[in-house]
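For reference, the structure discussed in these notes is given below.
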Amino acid sequence: MSAPVIILITTAVITVIGIIVGAGLVFTGKKFHVPVDEREAEVRECLPGNNCGACGYAGCDAAAAAIVSGEAPVNVCPVGGGPVAIKIGGIMGAEAEILERRVAFVRCKGTCEASGLQGNYVGIHDCRSAALAGINLKNCDYGCMGLGSCVSVCPQGAIKLIDGVAVVNRNLCVACGLCVKTCPKGLIELVPESKHVAVQCQNRDKGPQVKKVCSAGCIGCTLCTRQCQFDAIHMDGNLARVDYEKCTQCGKCVEKCPSHVITPPCPVRKEA
Amino acid sequence: MIRLLLIVILNALISNVVLNQFLGICSFLGVSQRIKASASLGGAVIFVMTIASAVASALYSLVLHPLGLDFMKMIIFILVIAALVQIVEMFLKKKSPSVYKALGIYLPLITTNCAVLGIAIDNIDKFGYNFIESVFSGFGTALGYTIAIVLLAGIRSRVDETSIPRPVRGAPIVMLAAALMSIAFMGFAELQPVIEVALKGVGQ
């Protein structure tokens with residue numbers, strides 16, 4: 001066969017196969033069309049689309065399906081965060097109120113200086129291992145161990161150890177909750193981003209005992225609870241706790257606290 | 001029958017598609033983090049490869065070879081296999097949602113997997129199989145892929161729990177594990193001459 005003939009045959013064969021395949025696709029597409037919830041496509045549009053799986057679903061399509069079926073909350077996507085959640089909330093209707101971005105917050109102020117070190121720890125550099133062995137690095141039994149398990153687990157690099165206490169960078173935090181699960185002392189919680197006023201201590205002992213081990217701890221004096229006009233701060237045993245739903249960020253409790261353990265309304269930036 | 005069984009064994013173990021021929025490495029390393037997911041992927045690969053081998057073999061012997069277009073098989077196979085997987089995906093979505101749920105997200109991934117195309121071409125070029133043999137060869141190859149990826153996923157789930165030297169954490173240790181598996185699978189190479197003799201003995 002001469003070259004032009006081969007070229008012609010090849011083109012013809014490819015064209016015919018292409019047409020058959022295309023027709024087959026169109027036909028099956030029509031015949032086996034599965035009606036999809038319109039909202040699913042819209043929700044999928046809002047999601048970032050990088051299929052990272054951080055939400056726990058197999059990609060953005062699966063997450064969109066889960067949101068539409070009501071299986072997942074509208075703010076399931078940690079990458080898109082607030083803006084995406086608001087958009088999806090708009091599509092899904094009613095559930096738009098639960099959308100405020102949350103950030104991780106470490107409830108301890110016990111720096112190496114405030115709560116002195118017990119000794120020189122040379123074991124595995126991991127809070128969980130140390131906690132498992134019953135070791136406390138600082139004098140306080142409740143506080144941050146300062147070995148940085150949360151730092152290494154944070155996918156965003158949002159946690160830093162400053163003077164032996166983990167500090168969260170609120171701008172970088174995506175509220176994935178990994179640090180919350182990791183901290184052996186249960187010190188980290190997710191708080192609404194706009195709520196800055198929080199008791200930065202987890203020590204449940206009585207006042208004198210707290211004073212002995214840490215100069216920055218909550219001594220359970222109850223001054224703050226009496227100060228609050230909005231009934232937003234309560235005693236949980238010997239520890240004051242802020243009710244974030246009621247708190248209006250007025251900052252009166254902050255002024256009154258003798259051990260300065262309540263964080264101020266609009267925090268002074270102290271990131272290194 | 002015995003011949004078909006031997007073809008399956010040959011393709012699944014002795015010339016394992018991943019560990020011996022190094023095809024489909026991308027998904028092999030990518031989707032082997034959890035045993036369940038890799039088993040689903042393996043199931044989808046078995047499904048696709050068996051069908052793709054059948055269609056490719058039929059297309060070759062009925063259309064391409066008679067017209068003297070052997071050189072076009074790669075392009076046409078890509079075209080046909082990709083479309084075929086799409087059609088199968090749509091069909092499953094409608095007719096069998098449970099299977100679609102188990103395999104669904106992996107089917108598009110496999111559409112362009114080099115292992116699928118590789119075995120479709122190998123069936124013709126390397127082995128010269130007929131239609132039925134091609135189907136079994138495709139099935140065997142995919143079975144080998146599934147064995148390999150599930151084993152690697154098992155190894156990885158163990159590796160994740162152990163303390164590994166810092167320089168080889170993450171991707172490097174996976175490569176090392178895959179390399180050691182590949183060496184282990186070389187043990188099957190001793191069987192190759194035996195199987196080849198047996199294949200000749202059994203005849204067509």
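Convention: chains lettered A, B, ... in structure tokens order; per-chain residue numbering from 1; ligands numbered from 1 as shown.
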Quiz item: In chain B, what's alpha helix (DSSP H) per DSSP? Answer as a PyMOL selection string?
Solution: chain B and resi 2-9+25-30+35-59+73-95+97-103+107-111+114-125+131-159+171-185+191-202
Self-check item: Proximal residues of chain B relative to chain A (only C-alpha atoms; 10 Å) as a PyMOL selection string
Solution: chain B and resi 63-64+67-69+71-72+75-76+79-84+86-95+105
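Scanning segment 35-249 of chain A with DSSP on the backbone, the strand (DSSP E) assignments fall on Arg102, Val103, Ala104, Phe105, Val106, Ile159, Lys160, Leu161, Ile162, Val165, Ala166, Val167, Val168, Ile188, Glu189, Leu190, Val191, Pro192, Ile233, His234, Met235, Asp236, Leu239, Ala240, Arg241 and Val242 of chain A.
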Quiz prompt | Among listed residues B:Leu107, B:Val99, B:Ala189, B:Val197, nearest Val48 of chain B (using only C-alpha atoms) | solution = B:Leu107
Exercise. Return the single residue from A:Pro48, A:Gly82, A:Gly148, A:Pro208 that is closest to Thr182 of chain A, with distances computed using only C-alpha atoms.
Key: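 So, comparing all the options, the nearest one is A:Gly148.
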Practice problem: Using only C-alpha atoms, determine which residues lie at most 10 Å from segment 142-154 of chain B, disregarding the query and same-chain residues fewer than 6 positions distant; provide the list as a VMD selection string. | Solution: chain B and resid 8 to 19 23 to 25 27 to 50 115 to 116 119 136 174 177 to 178 181 to 182 185
Exercise. Find the distance between atom CA of Glu42 of chain A and atom CA of Ile88 of chain A and write it in Å to one decimal.
Key: 8.2 Å
For the contact check between segment 49-148 of chain B and segment 198-201 of chain B, emit one row per residue of segment 49-148 of chain B within 12 Å, containing the shortest atom pair and the distance in Å rounded to one decimal, counting only C-alpha atoms, chain then rising number order, as a Markdown table.
```
| residue | atom | partner | partner_atom | distance |
| --- | --- | --- | --- | --- |
| B:Phe127 | CA | B:Leu199 | CA | 11.6 |
| B:Tyr129 | CA | B:Leu199 | CA | 12.0 |
| B:Glu133 | CA | B:Leu199 | CA | 11.8 |
```
Save out the residues we just selected, N, CA and C atoms, as a short mmCIF file (atom, residue, chain, number, x, y, z; two decimals), in the first residue's frame.
```
data_model
loop_
_atom_site.label_atom_id
_atom_site.label_comp_id
_atom_site.auth_asym_id
_atom_site.auth_seq_id
_atom_site.Cartn_x
_atom_site.Cartn_y
_atom_site.Cartn_z
N PHE B 127 2.95 -11.45 24.08
CA PHE B 127 2.50 -12.83 24.29
C PHE B 127 1.80 -13.41 23.06
N TYR B 129 -1.50 -13.47 22.53
CA TYR B 129 -2.66 -14.22 23.01
C TYR B 129 -3.86 -14.05 22.10
N GLU B 133 -7.62 -15.84 25.90
CA GLU B 133 -6.36 -15.76 26.67
C GLU B 133 -6.10 -14.33 27.12
#
```
Quiz prompt | Two-atom distance - atom CA of His196 of chain A, atom CA of Ala104 of chain A (Å) | solution =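 Computing it gives 11.3 Å between the two atoms.
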Exercise. Name the residues in contact with Cys183 of chain A at a cut-off of 10 Å, using only C-alpha atoms, excluding same-chain residues fewer than 2 positions from it; report them as a ChimeraX atom specification.
Key: /A:106,127-128,131,144-145,148-150,153,178-181,185-189
Just C-alpha atoms for this one: save the residues we selected as a short mmCIF file (atom, residue, chain, number, x, y, z; two decimals), in the first residue's frame.
```cif
data_model
loop_
_atom_site.label_atom_id
_atom_site.label_comp_id
_atom_site.auth_asym_id
_atom_site.auth_seq_id
_atom_site.Cartn_x
_atom_site.Cartn_y
_atom_site.Cartn_z
CA VAL A 106 -4.29 26.73 74.56
CA CYS A 127 4.20 15.24 75.41
CA ARG A 128 2.22 12.05 74.97
CA ALA A 131 2.52 11.94 80.02
CA CYS A 144 1.36 22.68 79.11
CA MET A 145 4.29 20.28 79.09
CA GLY A 148 5.44 20.41 71.40
CA SER A 149 3.36 17.39 70.36
CA CYS A 150 0.75 19.86 69.13
CA VAL A 153 0.94 17.53 64.62
CA LEU A 178 -5.71 17.62 65.50
CA CYS A 179 -3.96 19.42 68.36
CA VAL A 180 -7.10 19.11 70.50
CA LYS A 181 -6.94 15.36 70.11
CA LYS A 185 -3.49 17.31 79.13
CA GLY A 186 -6.62 18.29 77.18
CA LEU A 187 -5.53 21.90 77.24
CA ILE A 188 -6.53 22.91 73.74
CA GLU A 189 -10.08 23.79 72.76
#
```
